[in-house]
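Student: Just so it is clear, I am handing over work-v3.cif, which has mmCIF, C-alpha atoms.
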```cif
data_data
loop_
_atom_site.label_atom_id
_atom_site.label_comp_id
_atom_site.auth_asym_id
_atom_site.auth_seq_id
_atom_site.Cartn_x
_atom_site.Cartn_y
_atom_site.Cartn_z
CA MET A 1 120.55 -151.90 -2.16
CA PRO A 2 122.41 -152.10 -5.47
CA PRO A 3 126.01 -150.89 -5.58
CA THR A 4 125.13 -148.02 -7.89
CA SER A 5 122.73 -146.66 -5.30
CA LEU A 6 125.36 -146.81 -2.59
CA GLY A 7 127.66 -144.73 -4.72
CA THR A 8 125.39 -141.71 -4.49
CA ALA A 9 126.24 -139.34 -1.73
CA PRO A 10 123.81 -137.28 0.27
CA GLY A 11 123.29 -133.88 -1.21
CA GLY A 12 123.12 -135.10 -4.78
CA THR A 13 126.85 -135.66 -5.19
CA THR A 14 128.75 -138.81 -5.91
CA PRO A 15 131.83 -139.86 -3.96
CA ALA A 16 134.78 -139.83 -6.31
CA ASP A 17 135.16 -143.15 -8.05
CA ASP A 18 137.96 -143.09 -10.56
CA THR A 19 136.78 -146.28 -12.18
CA GLY A 20 133.93 -144.63 -14.02
CA PRO A 21 132.22 -141.39 -14.95
CA THR A 22 130.52 -139.27 -12.36
CA PRO A 23 126.77 -138.84 -12.91
CA LYS A 24 125.39 -135.35 -13.24
CA ARG A 25 124.05 -133.71 -10.12
CA SER A 26 120.48 -133.70 -11.37
CA ALA A 27 120.63 -137.45 -11.97
CA THR A 28 121.90 -138.37 -8.51
CA PRO A 29 119.35 -138.01 -5.71
CA ARG A 30 120.35 -138.35 -2.07
CA ASP A 31 121.13 -141.89 -1.07
CA PRO A 32 118.71 -142.79 1.75
CA PHE A 33 121.17 -145.31 3.22
CA PHE A 34 123.66 -142.69 4.36
CA ASP A 35 120.99 -140.27 5.53
CA ASN A 36 119.40 -143.08 7.54
CA ALA A 37 122.77 -144.07 9.01
CA LYS A 38 123.60 -140.52 10.03
CA PHE A 39 120.20 -139.97 11.61
CA LEU A 40 120.27 -143.19 13.63
CA ALA A 41 123.83 -142.54 14.72
CA ILE A 42 123.06 -139.03 15.94
CA VAL A 43 120.09 -140.33 17.93
CA LEU A 44 122.47 -142.77 19.63
CA VAL A 45 124.91 -139.94 20.34
CA VAL A 46 122.25 -137.83 22.05
CA VAL A 47 120.82 -140.78 23.97
CA GLY A 48 124.31 -141.82 25.03
CA HIS A 49 124.96 -138.38 26.47
CA SER A 50 121.72 -138.61 28.45
CA TRP A 51 123.02 -141.80 30.10
CA GLU A 52 126.28 -140.25 31.25
CA ALA A 53 124.95 -139.09 34.63
CA LEU A 54 122.99 -142.32 35.21
CA ARG A 55 125.52 -145.02 34.44
CA ASP A 56 127.23 -145.03 37.84
CA ASP A 57 124.06 -146.35 39.50
CA ASN A 58 122.85 -148.66 36.73
CA ARG A 59 125.02 -151.42 35.30
CA VAL A 60 122.70 -151.96 32.34
CA LEU A 61 122.94 -148.30 31.33
CA ALA A 62 126.68 -148.37 31.93
CA ALA A 63 126.95 -151.34 29.55
CA GLY A 64 124.78 -149.56 26.98
CA TYR A 65 126.92 -146.46 27.33
CA LEU A 66 130.08 -148.49 26.77
CA LEU A 67 128.54 -150.21 23.74
CA LEU A 68 127.45 -146.94 22.12
CA TYR A 69 130.83 -145.32 22.64
CA ALA A 70 132.49 -148.32 21.08
CA PHE A 71 130.93 -147.62 17.68
CA HIS A 72 128.84 -144.47 17.22
CA MET A 73 131.70 -141.99 16.67
CA PRO A 74 133.82 -144.56 14.80
CA ALA A 75 130.86 -145.03 12.45
CA PHE A 76 130.57 -141.27 11.94
CA THR A 77 134.30 -141.06 11.29
CA LEU A 78 134.14 -143.91 8.79
CA ILE A 79 131.38 -142.13 6.87
CA SER A 80 133.41 -138.91 7.08
CA GLY A 81 136.28 -140.65 5.33
CA TYR A 82 134.01 -142.08 2.66
CA PHE A 83 132.64 -138.64 1.83
CA SER A 84 136.15 -137.19 1.70
CA ARG A 85 137.37 -139.48 -1.05
CA SER A 86 137.60 -136.77 -3.66
CA PHE A 87 138.98 -133.99 -1.49
CA ARG A 88 141.93 -132.63 -3.48
CA HIS A 89 142.39 -129.10 -2.12
CA GLU A 90 140.38 -127.55 -4.93
CA PRO A 91 139.39 -123.94 -4.18
CA ARG A 92 135.68 -124.77 -3.94
CA GLN A 93 136.49 -127.62 -1.53
CA ILE A 94 138.64 -125.44 0.70
CA LYS A 95 135.91 -122.79 0.72
CA ARG A 96 133.31 -125.39 1.66
CA LEU A 97 135.58 -126.83 4.36
CA VAL A 98 136.01 -123.42 5.95
CA SER A 99 132.32 -122.49 5.80
CA SER A 100 130.79 -125.80 6.90
CA VAL A 101 133.44 -127.05 9.35
CA LEU A 102 135.82 -124.35 10.55
CA VAL A 103 133.24 -121.57 11.02
CA PRO A 104 130.78 -123.77 12.99
CA TYR A 105 133.73 -124.98 15.05
CA ALA A 106 134.70 -121.45 16.02
CA VAL A 107 131.12 -120.33 16.66
CA PHE A 108 130.17 -123.29 18.84
CA GLU A 109 133.50 -123.44 20.64
CA ILE A 110 132.86 -119.89 21.81
CA ALA A 111 129.14 -120.44 22.43
CA LEU A 112 129.55 -123.65 24.44
CA ASN A 113 132.28 -122.16 26.62
CA ALA A 114 130.20 -119.04 27.20
CA PHE A 115 127.24 -121.24 28.11
CA ARG A 116 129.39 -123.21 30.56
CA ALA A 117 130.56 -120.02 32.22
CA TRP A 118 126.99 -118.71 32.50
CA ALA A 119 125.28 -121.93 33.58
CA ASP A 120 127.97 -123.27 35.91
CA GLY A 121 129.28 -119.98 37.25
CA GLU A 122 132.79 -120.57 35.93
CA GLU A 123 135.21 -117.98 34.72
CA LEU A 124 134.88 -117.54 30.98
CA LYS A 125 137.85 -119.15 29.24
CA ILE A 126 137.91 -119.46 25.49
CA SER A 127 140.70 -120.90 23.42
CA LEU A 128 140.03 -121.97 19.86
CA LEU A 129 143.07 -124.23 20.10
CA HIS A 130 141.49 -126.41 22.80
CA PRO A 131 138.22 -127.98 21.60
CA TRP A 132 135.77 -128.56 24.42
CA TYR A 133 133.09 -131.23 24.55
CA LEU A 134 131.50 -131.72 21.09
CA THR A 135 133.63 -129.44 18.97
CA TRP A 136 136.60 -131.82 18.84
CA PHE A 137 134.97 -133.70 15.97
CA LEU A 138 134.79 -130.61 13.76
CA MET A 139 138.44 -129.83 14.37
CA ALA A 140 139.31 -133.45 13.70
CA LEU A 141 137.31 -133.43 10.47
CA PHE A 142 139.08 -130.26 9.37
CA VAL A 143 142.50 -131.85 9.91
CA TRP A 144 141.51 -135.22 8.43
CA ARG A 145 140.16 -133.69 5.24
CA LEU A 146 143.22 -131.55 4.74
CA THR A 147 145.32 -134.72 4.88
CA ALA A 148 142.97 -136.83 2.73
CA PRO A 149 145.03 -136.53 -0.49
CA LEU A 150 148.10 -137.77 1.39
CA TRP A 151 146.31 -140.93 2.52
CA GLN A 152 145.26 -141.59 -1.05
CA LEU A 153 148.93 -141.58 -2.09
CA VAL A 154 150.83 -143.48 0.59
CA ARG A 155 151.29 -147.23 0.60
CA HIS A 156 149.44 -149.25 3.23
CA PRO A 157 147.49 -146.25 4.58
CA ILE A 158 145.37 -148.25 7.03
CA LEU A 159 148.43 -149.90 8.58
CA LEU A 160 150.27 -146.57 8.74
CA SER A 161 147.34 -144.70 10.30
CA THR A 162 146.91 -147.47 12.88
CA ALA A 163 150.59 -147.22 13.77
CA ILE A 164 150.22 -143.44 14.21
CA ALA A 165 147.17 -143.95 16.45
CA ALA A 166 149.08 -146.48 18.55
CA LEU A 167 152.07 -144.17 18.91
CA ALA A 168 149.77 -141.31 19.93
CA SER A 169 148.22 -143.49 22.62
CA ILE A 170 151.60 -143.96 24.33
CA ASP A 171 152.65 -140.31 24.22
CA PRO A 172 151.24 -138.32 27.16
CA GLY A 173 153.04 -135.27 25.79
CA ILE A 174 150.31 -134.81 23.20
CA GLY A 175 148.21 -132.21 24.93
CA PRO A 176 144.73 -130.82 24.33
CA ASP A 177 145.82 -128.54 21.47
CA LEU A 178 143.45 -129.05 18.50
CA GLY A 179 142.16 -132.21 20.18
CA LEU A 180 145.18 -133.87 18.60
CA GLN A 181 145.03 -137.05 20.67
CA ARG A 182 141.55 -137.77 19.36
CA VAL A 183 142.47 -136.65 15.85
CA LEU A 184 145.22 -139.26 15.76
CA GLN A 185 143.47 -142.07 17.61
CA PHE A 186 140.35 -141.87 15.43
CA LEU A 187 142.45 -141.47 12.28
CA PRO A 188 142.34 -145.17 11.20
CA PHE A 189 138.54 -145.03 10.90
CA PHE A 190 138.75 -141.99 8.64
CA VAL A 191 141.44 -143.56 6.48
CA LEU A 192 139.49 -146.79 6.17
CA GLY A 193 136.46 -144.79 5.04
CA LEU A 194 138.65 -143.09 2.44
CA LYS A 195 139.60 -146.46 1.00
CA MET A 196 136.10 -147.92 0.97
CA ARG A 197 134.09 -148.16 -2.23
CA PRO A 198 130.35 -148.48 -2.93
CA GLU A 199 130.70 -152.24 -3.31
CA HIS A 200 131.99 -152.50 0.25
CA PHE A 201 128.84 -150.91 1.59
CA ALA A 202 126.84 -153.14 -0.73
CA LEU A 203 128.30 -156.14 1.07
CA LEU A 204 126.72 -154.89 4.27
CA ARG A 205 123.34 -155.07 2.59
CA GLU A 206 123.64 -158.79 1.89
CA ARG A 207 121.13 -160.88 3.74
CA ARG A 208 123.68 -163.07 5.52
CA VAL A 209 125.49 -160.00 6.88
CA ARG A 210 122.26 -158.42 8.08
CA ILE A 211 121.29 -161.63 9.82
CA ALA A 212 124.65 -161.79 11.58
CA ALA A 213 124.56 -158.12 12.60
CA GLY A 214 121.93 -158.57 15.31
CA PRO A 215 123.80 -161.32 17.19
CA VAL A 216 127.04 -159.32 16.85
CA LEU A 217 125.48 -156.31 18.58
CA VAL A 218 123.90 -158.53 21.23
CA GLY A 219 127.27 -160.14 21.82
CA GLY A 220 128.84 -156.71 22.05
CA ALA A 221 126.25 -155.73 24.67
CA LEU A 222 127.05 -158.83 26.74
CA VAL A 223 130.77 -158.13 26.54
CA ALA A 224 130.09 -154.52 27.54
CA TYR A 225 128.07 -155.72 30.55
CA TRP A 226 131.01 -157.89 31.58
CA ALA A 227 133.54 -155.10 30.95
CA VAL A 228 131.71 -152.44 32.94
CA LEU A 229 133.29 -153.62 36.19
CA ARG A 230 136.67 -154.34 34.63
CA MET A 231 137.45 -151.58 32.15
CA ASN A 232 137.88 -147.83 32.26
CA PRO A 233 135.34 -146.41 29.74
CA ASP A 234 137.65 -143.46 29.10
CA TRP A 235 139.56 -145.69 26.68
CA PHE A 236 136.71 -145.29 24.21
CA TYR A 237 136.91 -141.50 24.33
CA ARG A 238 140.37 -141.81 22.73
CA ARG A 239 141.41 -138.48 24.24
CA ASP A 240 144.12 -139.74 26.62
CA ALA A 241 147.40 -141.58 26.44
CA ALA A 242 147.70 -144.89 28.25
CA GLN A 243 149.76 -143.33 31.04
CA ASP A 244 147.00 -140.76 31.65
CA LEU A 245 144.67 -143.69 32.33
CA ASP A 246 147.09 -145.26 34.84
CA ALA A 247 148.08 -147.98 32.40
CA PRO A 248 151.54 -149.00 31.16
CA TRP A 249 152.63 -147.58 27.81
CA TRP A 250 152.35 -150.94 26.04
CA ALA A 251 148.65 -151.08 26.94
CA GLY A 252 148.11 -148.14 24.59
CA VAL A 253 149.32 -150.19 21.64
CA SER A 254 147.28 -153.27 22.48
CA MET A 255 144.16 -151.26 23.31
CA THR A 256 144.44 -149.22 20.11
CA VAL A 257 144.50 -152.36 17.97
CA GLY A 258 141.92 -154.20 20.05
CA MET A 259 139.46 -151.30 20.17
CA LEU A 260 139.95 -150.68 16.44
CA VAL A 261 138.86 -154.24 15.65
CA CYS A 262 136.01 -154.11 18.18
CA SER A 263 134.74 -150.75 16.96
CA LEU A 264 134.89 -151.75 13.29
CA VAL A 265 132.97 -154.97 13.89
CA LEU A 266 130.26 -153.12 15.82
CA SER A 267 130.19 -150.23 13.31
CA PHE A 268 129.70 -152.61 10.41
CA ALA A 269 127.00 -154.46 12.33
CA PHE A 270 125.22 -151.17 12.97
CA LEU A 271 125.50 -150.11 9.31
CA ALA A 272 124.25 -153.51 8.18
CA LEU A 273 121.02 -152.93 10.07
CA VAL A 274 120.47 -149.45 8.67
CA PRO A 275 117.57 -149.49 6.19
CA GLY A 276 118.50 -148.71 2.62
CA ARG A 277 115.05 -147.50 1.60
CA ARG A 278 113.43 -144.15 2.28
CA THR A 279 111.83 -143.94 5.72
CA TRP A 280 110.05 -141.27 7.75
CA PHE A 281 113.41 -140.13 9.13
CA THR A 282 115.48 -140.20 5.93
CA ALA A 283 115.08 -136.47 5.27
CA LEU A 284 116.19 -135.74 8.83
CA GLY A 285 119.58 -137.25 8.06
CA ALA A 286 120.53 -134.01 6.34
CA GLY A 287 120.31 -132.16 9.66
CA THR A 288 122.48 -134.26 11.94
CA LEU A 289 125.16 -131.56 12.28
CA TYR A 290 122.50 -129.33 13.82
CA ALA A 291 121.49 -131.98 16.34
CA TYR A 292 125.10 -132.80 17.14
CA LEU A 293 126.08 -129.25 18.03
CA LEU A 294 122.84 -127.88 19.45
CA HIS A 295 122.03 -130.73 21.82
CA GLY A 296 125.23 -130.03 23.73
CA PHE A 297 123.67 -127.04 25.45
CA LEU A 298 120.89 -129.14 26.96
CA ALA A 299 123.14 -132.13 27.60
CA LYS A 300 125.54 -130.00 29.66
CA GLY A 301 122.75 -127.84 31.08
CA ALA A 302 121.10 -130.92 32.54
CA HIS A 303 124.28 -131.53 34.56
CA PHE A 304 124.80 -127.90 35.53
CA TRP A 305 121.21 -127.45 36.69
CA GLY A 306 120.92 -130.79 38.52
CA TRP A 307 118.14 -132.29 36.42
CA TYR A 308 119.39 -135.79 37.25
CA ASP A 309 119.49 -135.16 40.99
CA ASN A 310 116.22 -136.87 41.87
CA ASP A 311 115.05 -140.37 42.76
CA PHE A 312 112.95 -140.78 39.61
CA SER A 313 115.99 -140.54 37.35
CA ARG A 314 117.48 -143.55 39.14
CA THR A 315 114.47 -145.80 38.45
CA ALA A 316 113.97 -147.98 35.39
CA LEU A 317 111.01 -145.85 34.32
CA GLY A 318 113.09 -142.73 34.78
CA ALA A 319 115.89 -144.11 32.60
CA VAL A 320 113.42 -145.04 29.87
CA THR A 321 111.76 -141.61 30.07
CA ILE A 322 115.08 -139.76 29.87
CA SER A 323 116.17 -141.91 26.93
CA ALA A 324 112.92 -141.24 25.10
CA LEU A 325 113.20 -137.50 25.72
CA ALA A 326 116.77 -137.51 24.44
CA ALA A 327 115.73 -139.36 21.28
CA ALA A 328 112.87 -136.90 20.76
CA LEU A 329 115.31 -134.01 21.19
CA ALA A 330 117.57 -135.50 18.52
CA VAL A 331 114.63 -135.77 16.14
CA ALA A 332 113.47 -132.22 16.83
CA LEU A 333 116.91 -130.73 16.24
CA THR A 334 117.19 -132.31 12.78
CA THR A 335 113.89 -130.88 11.51
CA ALA A 336 113.60 -128.26 8.79
CA PRO A 337 112.53 -125.34 11.05
CA VAL A 338 115.62 -125.76 13.24
CA ARG A 339 117.85 -126.01 10.20
CA HIS A 340 116.27 -122.89 8.74
CA VAL A 341 116.97 -120.87 11.89
CA PHE A 342 120.57 -121.98 12.32
CA ARG A 343 121.60 -122.41 8.68
CA TYR A 344 123.44 -119.08 8.66
CA VAL A 345 125.70 -120.40 11.42
CA MET A 346 126.08 -123.98 10.22
CA GLU A 347 126.33 -123.28 6.50
CA PRO A 348 127.24 -119.62 6.12
CA ARG A 349 127.85 -118.09 2.72
CA LEU A 350 131.34 -116.60 2.70
CA ASP A 351 131.47 -115.20 -0.81
CA TRP A 352 132.59 -111.89 0.69
CA LEU A 353 135.68 -113.59 2.13
CA PHE A 354 136.99 -115.48 -0.88
CA HIS A 355 138.15 -114.57 -4.34
CA GLU A 356 136.06 -115.99 -7.13
CA PRO A 357 137.93 -119.08 -8.42
CA ALA A 358 139.34 -118.74 -11.92
CA ARG A 359 137.11 -120.13 -14.60
CA PRO A 360 138.46 -123.07 -16.62
CA SER A 361 138.77 -120.82 -19.68
CA ASP A 362 141.06 -118.50 -17.69
CA ALA A 363 143.41 -121.26 -16.60
CA PRO A 364 146.69 -121.79 -18.44
CA HIS A 365 146.42 -124.43 -21.15
CA THR A 366 148.31 -127.61 -20.49
CA PRO A 367 149.52 -129.35 -23.66
CA GLY A 368 147.94 -132.72 -24.00
CA GLY A 369 145.52 -132.01 -21.16
CA SER A 370 141.78 -131.46 -21.01
CA GLU A 371 139.44 -129.52 -18.79
CA PRO A 372 137.42 -131.49 -16.25
CA SER A 373 133.74 -131.68 -16.91
CA THR A 374 131.28 -129.80 -14.72
CA SER A 375 130.03 -133.07 -13.24
CA ALA A 376 133.59 -134.13 -12.43
CA ARG A 377 134.14 -130.87 -10.57
CA ARG A 378 131.02 -131.57 -8.54
CA ARG A 379 132.32 -134.74 -7.00
CA ASP A 380 132.07 -135.22 -3.30
CA GLY A 381 134.56 -133.67 -0.95
CA GLU A 382 132.34 -130.90 0.35
CA GLN A 383 129.57 -133.06 1.84
CA SER A 384 129.36 -132.90 5.58
CA PRO A 385 129.36 -136.35 7.24
CA LEU A 386 127.09 -135.07 10.01
#
```
Mind converting the file's structure to C-alpha cells?

Tutor:
Amino acid sequence: MPPTSLGTAPGGTTPADDTGPTPKRSATPRDPFFDNAKFLAIVLVVVGHSWEALRDDNRVLAAGYLLLYAFHMPAFTLISGYFSRSFRHEPRQIKRLVSSVLVPYAVFEIALNAFRAWADGEELKISLLHPWYLTWFLMALFVWRLTAPLWQLVRHPILLSTAIAALASIDPGIGPDLGLQRVLQFLPFFVLGLKMRPEHFALLRERRVRIAAGPVLVGGALVAYWAVLRMNPDWFYRRDAAQDLDAPWWAGVSMTVGMLVCSLVLSFAFLALVPGRRTWFTALGAGTLYAYLLHGFLAKGAHFWGWYDNDFSRTALGAVTISALAAALAVALTTAPVRHVFRYVMEPRLDWLFHEPARPSDAPHTPGGSEPSTSARRRDGEQSPL
C-alpha cells in the first residue's frame, strides 16, 4: 500500500500531518487497511473472551489466550493514538469526544452492571468512577485524548510515557478509580501511535516485513505455550501493580519494559499481515465499537448461565465450535442493521447540549494570522479507533 493511502483515516478524514496539506473530505475515502485491522482485532477480542472459561483445562487455548492478550489491545491502543494525532481541544473535537466516547461509556457502564446484577443475582452497584469489564478502554481513550496535545509537546514522549507506566506498575495505591492503572500502563502504546506517521505503517507493508510476520507470531505462540505454566496471565491485563500479583516491586519495572517490547513486536507482526486492499469485511471495520461493547453481555452471560459447564466444551471440537460461534458473533455485531439500531447510543447527536461553535468570521482577528481552511478543520481527532 502506498504511503499516501495509509495517510487516509477511516471515515474520510486524514490524520493530521503537518508536513503537507490535508486533502478535502470528498477526496479521501476510507482507508481499507485500518478498517481491516480494526475488524480482525475485534474478532480476536471476542474469540479471546470465549476462551477465558476454557483455558484452565486446555494448555493450547491457554497459550492462545496469552498470545492474544499480548497484542490485541495494544494494537487497538496504538491505532487509537494514531487517530488522535490532531486532537487539539477544538470545540468540535471535544463535542465528538463526549458523544462518541464519554456517553457510550456511561450508558454501557450502567447497562453492564445492571445486567450483572440481573443475570448473576448480585446487588446492583453502579459507579461511573470504576469501569467494569469492557468499559475501561473508553475511559482510557477519553483520558488519553485529552492529554494528546501534551504528548505532542514534551521531549522524549515515548520514554516518558514508559517511565510513567513503570512507576504505575509499582504503586499498589493506584486504585480502580477511572481504571487509572490500565490508563497509565497502556499509555506508551497510545503515545507511540501519536508519534507514528503514514510512512511507518507503509514499512509494515513491505514484503520482507510481511514474510517475517508469520514466523514472529508463531514464535510468540511457542513462547506463550512455554509461559503458560510459568507466568501469571494477569500481567497482560495491566490492571494491577506488581505487589498485587505477589511479585516484588522491581518486577513491575522489568515486566513493563519487557511486555512493551513483546507487545509491540507482536502488534507490528499482526498489522503487517492485515490486508491493505478492500475485502468482504472491510466495511465491517466501521462497526467495531458496537461489537466491542455489545458482545460483553453474551460473554459474561455465558459465565453467569453456565454455558461452559458441559463435557462438550472441554473437547477439541467444542473449543473449535465455541471459537467459531464467537467469531460469527463478532461479525454479526459489526453489521449495518446492528449499527442502525444502536447508533443513537454509540453516536448520539448532542446538539441540544452544546453551544454552536463560533464561526471563523466571528472570531477576533489576529494580526498576521489566517483562518484555517475547512479541510484543515476536518482533520482527524474525532475518529473512533474502535

Student: Rank A:Arg239, A:His49, A:Lys195, A:Lys300 by their smallest atom-to-atom distance to Pro176 in chain A, using all atoms listed in the file, and report the top residue only.

Tutor: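 Smallest separation from Pro176 in chain A among the options: A:Arg239.
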
Student: CA of Gly287 in chain A and CA of Thr334 in chain A, how far apart in Å?

Tutor: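 Those two atoms sit 4.4 Å apart.
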
Student: So how far away is CA of Thr135 in chain A from CA of Phe108 in chain A, in Å?

Tutor: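 Between CA of Phe108 in chain A and CA of Thr135 in chain A the gap works out to 7.1 Å.
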
Student: Enter the distance from CA of Val45 in chain A to CA of Ala62 in chain A, in Å, rounded to one decimal.

Tutor: 14.4 Å

Student: Which residue gives the smallest distance to Ala221 in chain A among A:Phe190, A:Phe76, A:Tyr344, A:Tyr69, with all atoms listed in the file counted?

Tutor: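 Using all atoms listed in the file, the shortest distance to Ala221 in chain A belongs to A:Tyr69.
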
Student: Given the file shown, enumerate the residues that the PyMOL selection byres ((chain A and resi 89) around 10) captures and present them as a list in words.

Tutor: Ser86, Phe87, Arg88, Glu90, Pro91, Arg92, Gln93, Ile94, Lys95, Leu97, Arg145, Leu146, Thr147, Ala148, Pro149 and Gly381 of chain A

Student: List the residues matched by the PyMOL selection byres ((chain A and resi 324) around 12) in the displayed structure as a list of chain:residue names, ordered by chain and then by residue number.

Tutor: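 For this structure, the PyMOL selection byres ((chain A and resi 324) around 12) resolves to A:Val43, A:Leu44, A:Val46, A:Val47, A:Gly48, A:Ser50, A:Trp51, A:Leu317, A:Gly318, A:Ala319, A:Val320, A:Thr321, A:Ile322, A:Ser323, A:Leu325, A:Ala326, A:Ala327, A:Ala328, A:Leu329, A:Ala330, A:Val331.
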
Student: Evaluate the PyMOL selection byres ((chain A and resi 199-211) around 6) and record the selected residues as a PDB file with C-alpha atoms, in the coordinates of the input, following the chain and residue labels used in the document.

Tutor:
```pdb
ATOM      1  CA  PRO A   3     126.010-150.890  -5.580  1.00  0.00           C
ATOM      2  CA  ARG A 197     134.090-148.160  -2.230  1.00  0.00           C
ATOM      3  CA  PRO A 198     130.350-148.480  -2.930  1.00  0.00           C
ATOM      4  CA  ALA A 212     124.650-161.790  11.580  1.00  0.00           C
ATOM      5  CA  ALA A 213     124.560-158.120  12.600  1.00  0.00           C
ATOM      6  CA  ALA A 272     124.250-153.510   8.180  1.00  0.00           C
ATOM      7  CA  LEU A 273     121.020-152.930  10.070  1.00  0.00           C
TER       8      LEU A 273
END
```

Student: Which is closer to Gly285 in chain A than all the others in A:Val228, A:Ala165, A:Ala117, A:Leu333, using all atoms listed in the file?

Tutor: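 Between A:Val228, A:Ala165, A:Ala117, A:Leu333, the residue approaching Gly285 in chain A most closely is A:Leu333.
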
Student: Identify which of the residues A:Ala119, A:Leu217, A:Ala316, A:Val154 lies closest to Leu298 in chain A, counting only C-alpha atoms when measuring atom-to-atom distances.

Tutor: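 Nearest candidate to Leu298 in chain A out of A:Ala119, A:Leu217, A:Ala316, A:Val154: A:Ala119.
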
Student: Taking 4 positions as the minimum chain separation for residues in the same chain, which residues sit within 12 Å of Ala224 in chain A when counting all atoms listed in the file? Answer as a count of residues only.

Tutor: 25

Student: Identify which of the residues A:Leu134, A:Ile110, A:Met139, A:Ile158 lies closest to Val257 in chain A, counting all atoms listed in the file when measuring atom-to-atom distances.

Tutor: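 Distance minimum relative to Val257 in chain A lands on A:Ile158.
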
Student: Considering only C-alpha atoms, state which residue in the set A:Val143, A:Tyr290, A:Arg277, A:Ile42 is at the smallest distance from His340 in chain A.

Tutor: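 Among the listed residues, A:Tyr290 lies closest to His340 in chain A.
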
Student: Given the point (113.6, -137.4, 4.3) in the coordinates of this file, which residues lie within 10 Å, counting only C-alpha atoms, and how would they look as a list in words?

Tutor: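 Within 10 Å of (113.6, -137.4, 4.3), the protein and nucleic acid residues are Arg30, Pro32, Asp35, Asn36, Arg278, Thr279, Trp280, Phe281, Thr282, Ala283, Leu284, Gly285, Ala286 and Thr335 of chain A.
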
Student: Using 5 Å of padding on each side, determine the axis-aligned box around all atoms of range 119-122 of chain A present in the file and give its centre and edge lengths in Å to one decimal, as JSON.

Tutor:
```
{"center_x": 129.0, "center_y": -121.6, "center_z": 35.4, "size_x": 17.5, "size_y": 13.3, "size_z": 13.7}
```
